[in-house]
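S.K.: structure-v3.tsv is reproduced in full below (TSV, C-alpha atoms).
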chain	number	residue	atom	x	y	z
A	1	MET	CA	224.23	84.78	8.64
A	2	ASN	CA	226.76	87.35	7.46
A	3	THR	CA	230.33	86.31	8.43
A	4	ILE	CA	233.14	88.88	8.32
A	5	ALA	CA	236.85	88.19	8.68
A	6	LEU	CA	238.43	90.52	11.25
A	7	HIS	CA	242.07	90.71	12.32
A	8	VAL	CA	243.17	91.45	15.90
A	9	ALA	CA	245.84	94.15	15.91
A	10	GLY	CA	249.30	93.02	16.98
A	11	THR	CA	248.44	89.33	17.42
A	12	GLY	CA	247.84	87.83	13.99
A	13	GLU	CA	244.58	86.33	15.26
A	14	GLU	CA	241.70	86.19	12.79
A	15	LEU	CA	238.06	86.28	13.88
A	16	ALA	CA	235.15	84.82	11.92
A	17	PHE	CA	232.68	87.44	13.12
A	18	ALA	CA	229.02	86.53	12.52
A	19	PRO	CA	227.01	89.02	14.58
A	20	ALA	CA	223.45	88.27	15.58
A	21	ARG	CA	222.81	91.98	16.22
A	22	LEU	CA	223.81	95.32	14.69
A	23	VAL	CA	222.95	98.46	16.65
A	24	VAL	CA	223.75	102.04	15.70
A	25	ALA	CA	223.66	104.50	18.61
A	26	GLY	CA	222.77	108.11	17.94
A	27	TYR	CA	222.90	111.35	19.92
A	28	THR	CA	225.72	109.95	22.09
A	29	GLY	CA	227.49	113.23	22.87
A	30	SER	CA	228.72	113.59	26.45
A	31	ASP	CA	227.55	117.25	26.52
A	32	GLU	CA	223.79	116.85	27.00
A	33	ALA	CA	223.03	120.51	26.31
A	34	ALA	CA	224.89	120.37	23.00
A	35	VAL	CA	223.04	117.18	22.06
A	36	GLU	CA	219.69	118.84	22.76
A	37	GLU	CA	220.70	121.83	20.66
A	38	HIS	CA	221.62	119.50	17.79
A	39	ILE	CA	218.29	117.67	18.06
A	40	ALA	CA	216.47	121.02	17.90
A	41	GLU	CA	218.46	122.02	14.81
A	42	LEU	CA	217.53	118.79	13.08
A	43	ALA	CA	213.89	119.09	14.09
A	44	ALA	CA	213.82	122.54	12.48
A	45	ILE	CA	214.63	120.98	9.10
A	46	GLY	CA	212.16	118.16	9.50
A	47	VAL	CA	214.21	115.37	11.08
A	48	PRO	CA	212.07	113.67	13.77
A	49	ARG	CA	213.21	113.87	17.38
A	50	PRO	CA	214.52	110.58	18.79
A	51	GLU	CA	212.37	108.62	21.22
A	52	SER	CA	215.27	108.46	23.66
A	53	VAL	CA	218.72	109.98	24.19
A	54	PRO	CA	220.93	108.22	23.39
A	55	ALA	CA	218.89	106.59	20.66
A	56	PHE	CA	219.47	103.01	19.53
A	57	TYR	CA	218.66	101.84	16.02
A	58	ARG	CA	218.54	98.07	15.53
A	59	LEU	CA	219.52	97.16	11.98
A	60	GLU	CA	220.07	94.01	9.97
A	61	PRO	CA	223.57	92.56	10.60
A	62	GLU	CA	223.86	91.92	6.86
A	63	LEU	CA	224.49	95.65	6.44
A	64	LEU	CA	227.97	95.24	7.95
A	65	THR	CA	230.73	95.13	5.35
A	66	THR	CA	234.51	95.39	5.13
A	67	GLU	CA	234.44	95.70	1.35
A	68	PRO	CA	236.34	98.61	-0.25
A	69	VAL	CA	233.39	99.47	-2.51
A	70	VAL	CA	229.80	99.73	-1.25
A	71	GLY	CA	226.61	100.33	-3.17
A	72	VAL	CA	224.17	103.11	-2.28
A	73	SER	CA	220.74	103.72	-3.77
A	74	ALA	CA	220.81	107.52	-3.93
A	75	PRO	CA	223.34	110.36	-4.40
A	76	GLY	CA	222.49	112.08	-1.10
A	77	THR	CA	224.41	109.77	1.23
A	78	SER	CA	227.32	110.44	3.54
A	79	GLY	CA	229.50	108.66	6.08
A	80	GLU	CA	230.77	109.48	9.58
A	81	VAL	CA	233.63	108.06	11.61
A	82	GLU	CA	232.44	105.92	14.53
A	83	PRO	CA	234.13	103.78	17.17
A	84	VAL	CA	232.54	100.34	16.95
A	85	LEU	CA	232.22	98.06	19.97
A	86	ILE	CA	232.33	94.39	18.94
A	87	ARG	CA	231.55	91.36	21.06
A	88	HIS	CA	232.74	88.02	19.71
A	89	GLN	CA	232.47	84.81	21.74
A	90	GLY	CA	232.52	86.66	25.05
A	91	ARG	CA	235.44	88.97	24.20
A	92	TYR	CA	235.20	92.67	23.37
A	93	PHE	CA	237.03	94.53	20.63
A	94	LEU	CA	237.15	98.10	19.38
A	95	GLY	CA	236.95	98.80	15.68
A	96	VAL	CA	236.43	101.76	13.39
A	97	GLY	CA	233.45	102.11	11.10
A	98	SER	CA	231.29	104.55	9.22
A	99	ASP	CA	227.58	105.08	9.81
A	100	HIS	CA	226.84	105.68	6.15
A	101	THR	CA	223.35	107.19	5.91
A	102	ASP	CA	220.82	108.32	3.31
A	103	ARG	CA	220.37	111.97	4.29
A	104	ASP	CA	217.32	112.51	2.09
A	105	LEU	CA	215.45	109.79	3.99
A	106	GLU	CA	216.17	111.26	7.43
A	107	ARG	CA	213.04	113.42	7.26
A	108	ASP	CA	210.99	110.25	6.83
A	109	GLY	CA	212.71	108.57	9.77
A	110	VAL	CA	216.24	108.25	11.10
A	111	ALA	CA	216.03	104.47	11.41
A	112	LEU	CA	214.87	104.23	7.79
A	113	SER	CA	217.75	106.42	6.60
A	114	LYS	CA	220.34	104.33	8.44
A	115	ALA	CA	218.91	101.03	7.21
A	116	ALA	CA	219.14	102.26	3.60
A	117	CYS	CA	222.96	102.07	3.48
A	118	PRO	CA	225.69	99.50	4.20
A	119	LYS	CA	227.70	99.99	7.37
A	120	PRO	CA	231.43	99.93	6.51
A	121	LEU	CA	233.74	98.41	9.13
A	122	GLY	CA	237.53	98.21	9.24
A	123	GLU	CA	239.06	94.72	9.16
A	124	VAL	CA	241.55	95.40	11.99
A	125	VAL	CA	240.26	95.61	15.58
A	126	ALA	CA	241.88	96.18	18.98
A	127	GLU	CA	241.19	93.66	21.74
A	128	LEU	CA	239.69	95.01	24.98
A	129	GLY	CA	239.26	91.73	26.89
A	130	THR	CA	236.23	90.28	28.63
A	131	GLU	CA	235.15	93.73	29.88
A	132	VAL	CA	234.50	97.00	28.03
A	133	SER	CA	237.63	98.65	29.40
A	134	ILE	CA	239.16	101.54	27.47
A	135	PRO	CA	241.12	103.59	30.05
A	136	ASP	CA	242.29	106.19	27.53
A	137	TRP	CA	238.88	106.60	25.87
A	138	ASP	CA	238.86	110.38	26.28
A	139	HIS	CA	242.15	110.70	24.39
A	140	VAL	CA	241.37	108.44	21.45
A	141	VAL	CA	241.52	110.63	18.34
A	142	ALA	CA	238.97	110.10	15.57
A	143	ASP	CA	238.96	111.70	12.16
A	144	SER	CA	237.44	111.27	8.73
A	145	SER	CA	237.85	112.64	5.24
A	146	VAL	CA	235.75	112.67	2.09
A	147	ASP	CA	237.33	112.85	-1.36
A	148	GLY	CA	240.62	113.76	0.34
A	149	CYS	CA	239.21	116.71	2.31
A	150	PRO	CA	239.13	116.72	6.15
A	151	TYR	CA	235.58	116.12	7.38
A	152	GLN	CA	235.78	115.39	11.12
A	153	LYS	CA	238.43	115.40	13.83
A	154	GLY	CA	238.45	115.30	17.61
A	155	GLU	CA	238.92	113.26	20.77
A	156	LEU	CA	236.35	110.73	21.92
A	157	ALA	CA	235.91	112.61	25.21
A	158	ALA	CA	233.07	114.25	23.26
A	159	LEU	CA	231.20	110.91	23.24
A	160	ARG	CA	229.73	108.71	25.95
A	161	HIS	CA	231.88	105.70	26.87
A	162	PRO	CA	230.84	102.45	25.13
A	163	ALA	CA	230.35	100.78	28.53
A	164	GLU	CA	227.69	103.38	29.36
A	165	LEU	CA	226.01	102.89	25.98
A	166	LEU	CA	225.96	99.13	26.49
A	167	GLU	CA	224.40	99.57	29.94
A	168	ARG	CA	221.71	101.89	28.56
A	169	LEU	CA	221.03	99.55	25.64
A	170	GLY	CA	220.27	96.67	27.98
A	171	PRO	CA	220.86	92.95	27.57
A	172	VAL	CA	222.01	91.84	24.11
A	173	ASP	CA	222.36	88.15	23.39
A	174	GLY	CA	225.15	86.71	21.29
A	175	ASP	CA	227.75	88.45	19.20
A	176	PHE	CA	227.05	92.03	18.13
A	177	ALA	CA	228.41	95.26	16.70
A	178	LEU	CA	227.50	98.59	18.34
A	179	TYR	CA	228.30	101.81	16.47
A	180	CYS	CA	228.96	104.30	19.28
A	181	GLY	CA	228.25	107.71	17.73
A	182	THR	CA	230.26	110.36	15.97
A	183	LEU	CA	231.85	113.80	16.20
A	184	PRO	CA	230.66	117.15	14.79
A	185	LEU	CA	231.43	117.95	11.17
A	186	LEU	CA	234.27	120.42	10.67
A	187	GLY	CA	232.26	122.41	8.14
A	188	GLY	CA	228.94	122.01	9.92
A	189	GLU	CA	227.19	120.54	6.87
A	190	PHE	CA	226.91	117.09	5.30
A	191	THR	CA	229.13	116.44	2.29
A	192	TYR	CA	228.23	113.95	-0.39
A	193	GLY	CA	231.31	112.35	-1.90
A	194	ALA	CA	232.66	109.10	-3.28
A	195	TYR	CA	235.85	108.33	-1.33
A	196	TRP	CA	235.67	108.02	2.45
A	197	ARG	CA	238.37	107.39	5.03
A	198	VAL	CA	237.79	106.87	8.77
A	199	HIS	CA	240.48	106.61	11.41
A	200	LEU	CA	240.92	105.96	15.16
A	201	GLU	CA	244.23	106.51	16.90
A	202	LEU	CA	244.48	104.84	20.32
A	203	PRO	CA	247.05	106.32	22.74
A	204	GLY	CA	249.91	103.84	23.02
A	205	GLY	CA	247.94	101.37	20.93
A	206	PRO	CA	247.12	100.56	17.34
A	207	THR	CA	245.80	102.91	14.70
A	208	LEU	CA	242.58	101.65	13.12
A	209	THR	CA	241.81	102.81	9.58
A	210	HIS	CA	239.27	101.97	6.92
A	211	ALA	CA	238.73	103.44	3.47
A	212	TYR	CA	235.89	102.78	1.06
A	213	GLU	CA	234.26	104.07	-2.09
A	214	THR	CA	230.53	104.47	-2.68
A	215	LYS	CA	228.89	103.74	-6.01
A	216	GLN	CA	225.26	104.35	-6.80
A	217	ARG	CA	223.37	101.16	-7.57
A	218	SER	CA	221.26	101.01	-10.71
A	219	GLU	CA	217.69	100.13	-9.81
Turn this file's structure into C-alpha coordinates for me.
M.R.:
Amino acid sequence: MNTIALHVAGTGEELAFAPARLVVAGYTGSDEAAVEEHIAELAAIGVPRPESVPAFYRLEPELLTTEPVVGVSAPGTSGEVEPVLIRHQGRYFLGVGSDHTDRDLERDGVALSKAACPKPLGEVVAELGTEVSIPDWDHVVADSSVDGCPYQKGELAALRHPAELLERLGPVDGDFALYCGTLPLLGGEFTYGAYWRVHLELPGGPTLTHAYETKQRSE
(Lines of atoms letter the chains of each structure in order from A and count residues from 1; the text may use other names and numbers.)
(Lines give C-alpha, C1' and ligand atoms only; values in the text may rest on other atoms or scores of the structure.)
Protein backbone atom coordinates (compact mmCIF):
# COMPACT_ATOMS: atom_id res chain seq x y z
CA MET A 1 0.00 0.00 0.00
CA ASN A 2 1.26 3.47 -0.91
CA THR A 3 2.13 5.49 2.24
CA ILE A 4 2.58 9.26 2.00
CA ALA A 5 3.93 11.56 4.70
CA LEU A 6 1.63 14.54 5.23
CA HIS A 7 2.08 17.45 7.64
CA VAL A 8 -0.82 19.12 9.47
CA ALA A 9 -0.57 22.90 9.12
CA GLY A 10 0.20 24.79 12.32
CA THR A 11 0.57 21.72 14.56
CA GLY A 12 3.76 19.92 13.58
CA GLU A 13 1.81 16.66 13.41
CA GLU A 14 2.86 14.19 10.72
CA LEU A 15 0.45 11.70 9.17
CA ALA A 16 1.44 8.38 7.61
CA PHE A 17 -1.35 8.45 5.04
CA ALA A 18 -2.00 5.10 3.34
CA PRO A 19 -5.33 5.51 1.53
CA ALA A 20 -7.38 2.50 0.55
CA ARG A 21 -9.29 4.59 -2.01
CA LEU A 22 -8.55 7.41 -4.46
CA VAL A 23 -11.53 9.09 -6.12
CA VAL A 24 -11.45 11.99 -8.57
CA ALA A 25 -14.74 13.88 -8.88
CA GLY A 26 -15.58 15.58 -12.15
CA TYR A 27 -18.21 18.06 -13.32
CA THR A 28 -18.57 19.41 -9.77
CA GLY A 29 -19.52 22.99 -10.64
CA SER A 30 -22.25 24.51 -8.47
CA ASP A 31 -23.86 26.12 -11.56
CA GLU A 32 -25.64 23.14 -13.14
CA ALA A 33 -26.43 24.97 -16.38
CA ALA A 34 -22.77 25.90 -16.86
CA VAL A 35 -21.74 22.30 -16.17
CA GLU A 36 -24.16 21.03 -18.81
CA GLU A 37 -22.82 23.56 -21.29
CA HIS A 38 -19.27 22.37 -20.59
CA ILE A 39 -20.29 18.74 -21.06
CA ALA A 40 -21.86 19.63 -24.42
CA GLU A 41 -18.68 21.44 -25.49
CA LEU A 42 -16.58 18.41 -24.64
CA ALA A 43 -18.99 16.04 -26.38
CA ALA A 44 -18.63 18.15 -29.53
CA ILE A 45 -14.92 17.35 -29.66
CA GLY A 46 -15.40 13.67 -28.92
CA VAL A 47 -15.14 13.47 -25.13
CA PRO A 48 -17.82 11.04 -23.86
CA ARG A 49 -20.57 12.38 -21.62
CA PRO A 50 -20.31 11.28 -17.99
CA GLU A 51 -22.69 8.64 -16.67
CA SER A 52 -23.62 10.91 -13.78
CA VAL A 53 -23.17 14.51 -12.65
CA PRO A 54 -21.08 14.87 -10.61
CA ALA A 55 -19.03 11.99 -11.95
CA PHE A 56 -16.75 9.90 -9.75
CA TYR A 57 -13.67 8.15 -11.10
CA ARG A 58 -12.17 5.48 -8.84
CA LEU A 59 -8.43 5.22 -9.40
CA GLU A 60 -5.53 3.29 -7.92
CA PRO A 61 -4.27 4.95 -4.70
CA GLU A 62 -0.72 4.35 -5.90
CA LEU A 63 -1.20 7.27 -8.29
CA LEU A 64 -1.03 9.71 -5.36
CA THR A 65 2.36 11.39 -5.00
CA THR A 66 3.96 14.31 -3.20
CA GLU A 67 7.14 14.07 -5.27
CA PRO A 68 8.41 17.26 -6.97
CA VAL A 69 8.95 15.44 -10.28
CA VAL A 70 6.37 13.11 -11.83
CA GLY A 71 6.61 10.97 -14.93
CA VAL A 72 4.04 11.14 -17.74
CA SER A 73 3.80 8.89 -20.77
CA ALA A 74 2.85 11.47 -23.39
CA PRO A 75 3.41 15.18 -24.14
CA GLY A 76 -0.31 16.07 -24.19
CA THR A 77 -0.89 16.16 -20.43
CA SER A 78 -1.95 18.99 -18.15
CA GLY A 79 -2.77 19.65 -14.52
CA GLU A 80 -5.56 21.49 -12.68
CA VAL A 81 -5.77 22.85 -9.16
CA GLU A 82 -8.14 20.84 -6.95
CA PRO A 83 -9.14 20.92 -3.30
CA VAL A 84 -8.56 17.41 -1.95
CA LEU A 85 -10.64 15.97 0.88
CA ILE A 86 -8.61 13.47 2.93
CA ARG A 87 -9.86 11.08 5.58
CA HIS A 88 -7.23 9.57 7.86
CA GLN A 89 -8.16 7.43 10.86
CA GLY A 90 -11.56 9.05 11.24
CA ARG A 91 -10.35 12.66 10.88
CA TYR A 92 -10.82 14.88 7.83
CA PHE A 93 -8.26 17.19 6.26
CA LEU A 94 -8.19 19.55 3.30
CA GLY A 95 -5.25 19.49 0.93
CA VAL A 96 -4.35 20.85 -2.47
CA GLY A 97 -3.64 18.66 -5.46
CA SER A 98 -3.57 18.52 -9.22
CA ASP A 99 -5.71 16.23 -11.35
CA HIS A 100 -3.00 15.70 -13.94
CA THR A 101 -4.62 14.14 -17.01
CA ASP A 102 -3.68 12.78 -20.43
CA ARG A 103 -5.80 14.99 -22.68
CA ASP A 104 -5.25 12.90 -25.80
CA LEU A 105 -6.84 9.89 -24.07
CA GLU A 106 -9.98 11.77 -23.02
CA ARG A 107 -11.70 10.91 -26.30
CA ASP A 108 -11.20 7.23 -25.49
CA GLY A 109 -12.58 7.66 -21.98
CA VAL A 110 -12.25 10.17 -19.16
CA ALA A 111 -11.49 7.51 -16.56
CA LEU A 112 -8.72 6.13 -18.79
CA SER A 113 -7.20 9.59 -19.26
CA LYS A 114 -7.15 10.27 -15.52
CA ALA A 115 -5.67 6.87 -14.66
CA ALA A 116 -2.81 7.50 -17.11
CA CYS A 117 -1.14 10.16 -14.92
CA PRO A 118 0.08 10.51 -11.32
CA LYS A 119 -2.03 12.64 -9.01
CA PRO A 120 0.21 15.25 -7.32
CA LEU A 121 -0.71 16.19 -3.74
CA GLY A 122 0.75 18.85 -1.46
CA GLU A 123 2.46 17.61 1.72
CA VAL A 124 0.78 20.19 4.01
CA VAL A 125 -2.92 19.76 4.88
CA ALA A 126 -5.40 21.68 7.03
CA GLU A 127 -7.33 19.76 9.69
CA LEU A 128 -11.14 19.91 9.51
CA GLY A 129 -12.00 17.59 12.41
CA THR A 130 -14.28 14.58 12.56
CA GLU A 131 -16.82 16.23 10.23
CA VAL A 132 -16.43 17.76 6.76
CA SER A 133 -16.88 21.31 8.03
CA ILE A 134 -15.45 24.17 5.98
CA PRO A 135 -17.53 27.25 6.92
CA ASP A 136 -15.64 29.60 4.59
CA TRP A 137 -15.66 27.20 1.62
CA ASP A 138 -17.16 29.77 -0.76
CA HIS A 139 -14.31 32.20 -0.07
CA VAL A 140 -11.39 29.80 -0.38
CA VAL A 141 -9.27 31.06 -3.29
CA ALA A 142 -7.71 28.55 -5.67
CA ASP A 143 -5.22 29.26 -8.41
CA SER A 144 -2.71 27.50 -10.62
CA SER A 145 0.08 28.37 -13.00
CA VAL A 146 1.98 26.52 -15.71
CA ASP A 147 5.55 27.44 -16.62
CA GLY A 148 5.11 30.63 -14.59
CA CYS A 149 1.95 31.78 -16.43
CA PRO A 150 -1.42 32.14 -14.63
CA TYR A 151 -3.71 29.26 -15.60
CA GLN A 152 -6.67 29.30 -13.18
CA LYS A 153 -7.98 31.54 -10.41
CA GLY A 154 -11.23 31.87 -8.51
CA GLU A 155 -13.19 31.18 -5.34
CA LEU A 156 -14.45 27.71 -4.49
CA ALA A 157 -18.04 28.99 -4.42
CA ALA A 158 -17.96 27.81 -8.04
CA LEU A 159 -17.69 24.19 -6.83
CA ARG A 160 -19.97 21.91 -4.84
CA HIS A 161 -19.03 21.57 -1.16
CA PRO A 162 -16.97 18.44 -0.37
CA ALA A 163 -19.63 17.31 2.13
CA GLU A 164 -22.17 17.19 -0.71
CA LEU A 165 -19.75 15.28 -2.94
CA LEU A 166 -19.10 12.77 -0.17
CA GLU A 167 -22.84 12.28 0.33
CA ARG A 168 -23.39 11.73 -3.39
CA LEU A 169 -20.43 9.35 -3.59
CA GLY A 170 -21.91 7.11 -0.93
CA PRO A 171 -20.22 4.99 1.73
CA VAL A 172 -16.43 4.73 1.45
CA ASP A 173 -14.57 2.43 3.80
CA GLY A 174 -11.21 3.29 5.31
CA ASP A 175 -8.88 6.15 4.55
CA PHE A 176 -9.29 7.93 1.22
CA ALA A 177 -8.47 10.95 -0.91
CA LEU A 178 -11.23 12.69 -2.88
CA TYR A 179 -10.25 15.25 -5.53
CA CYS A 180 -13.17 17.69 -5.49
CA GLY A 181 -13.11 19.31 -8.95
CA THR A 182 -11.58 22.38 -10.48
CA LEU A 183 -12.17 25.88 -11.82
CA PRO A 184 -12.41 27.12 -15.43
CA LEU A 185 -9.19 27.84 -17.30
CA LEU A 186 -8.36 31.53 -17.65
CA GLY A 187 -7.54 31.12 -21.33
CA GLY A 188 -10.28 28.61 -22.04
CA GLU A 189 -7.89 26.02 -23.48
CA PHE A 190 -5.61 23.34 -22.06
CA THR A 191 -1.92 24.22 -21.84
CA TYR A 192 0.79 21.60 -21.93
CA GLY A 193 3.80 22.63 -19.88
CA ALA A 194 6.49 21.29 -17.59
CA TYR A 195 6.28 23.32 -14.36
CA TRP A 196 3.01 23.37 -12.42
CA ARG A 197 2.02 25.19 -9.26
CA VAL A 198 -1.30 24.81 -7.42
CA HIS A 199 -2.46 26.88 -4.48
CA LEU A 200 -5.36 27.15 -1.99
CA GLU A 201 -5.73 30.12 0.32
CA LEU A 202 -8.11 29.54 3.24
CA PRO A 203 -9.64 32.68 4.82
CA GLY A 204 -8.02 33.13 8.22
CA GLY A 205 -6.24 29.82 7.80
CA PRO A 206 -3.21 28.29 6.16
CA THR A 207 -2.13 28.63 2.57
CA LEU A 208 -1.65 25.26 0.88
CA THR A 209 0.78 25.11 -2.04
CA HIS A 210 2.33 22.40 -4.17
CA ALA A 211 4.69 22.64 -7.13
CA TYR A 212 5.86 19.87 -9.41
CA GLU A 213 7.58 19.21 -12.71
CA THR A 214 6.50 16.68 -15.34
CA LYS A 215 8.96 14.64 -17.35
CA GLN A 216 8.03 12.31 -20.16
CA ARG A 217 8.91 8.70 -19.41
CA SER A 218 10.84 6.72 -21.99
CA GLU A 219 8.91 3.61 -22.94
S.K.: Got a sec: who's within 12 Å of Tyr92 of chain A, counting all atoms listed in the file, leaving out chain neighbours fewer than 2 positions off, as a PyMOL selection string?
M.R.: chain A and resi 8+15+17+84-90+94-95+125-134+162-163+166+174-178
S.K.: Excluding same-chain residues fewer than 4 positions from segment 25-35 of chain A, what lies within 7 Å of it counting only C-alpha atoms, as a count of residues only?
M.R.: 12
S.K.: Let me make sure I understand: among A:Val172, A:Leu63, A:Leu208, A:Cys149, which one has the smallest atom-to-atom distance to Ala9 of chain A if we use all atoms listed in the file?
M.R.: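 Among the listed residues, A:Leu208 lies closest to Ala9 of chain A.
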S.K.: Quote the spacing between atom CA of Pro50 of chain A and atom CA of Leu112 of chain A in Å to one decimal place.
M.R.: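 A separation of 12.7 Å between them.
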S.K.: Could you give me the axis-aligned bounding box of segment 90-95 of chain A, with 6 Å of padding per side, as centre plus edge lengths in Å to one decimal, as lines of an AutoDock Vina configuration file?
M.R.:
center_x = 234.8
center_y = 92.7
center_z = 20.4
size_x = 16.6
size_y = 24.1
size_z = 21.4
S.K.: Between A:Asp143, A:Asp173, A:Asp138, A:Glu123, which one has atoms that come closest to Pro19 of chain A, using only C-alpha atoms?
M.R.: A:Asp173
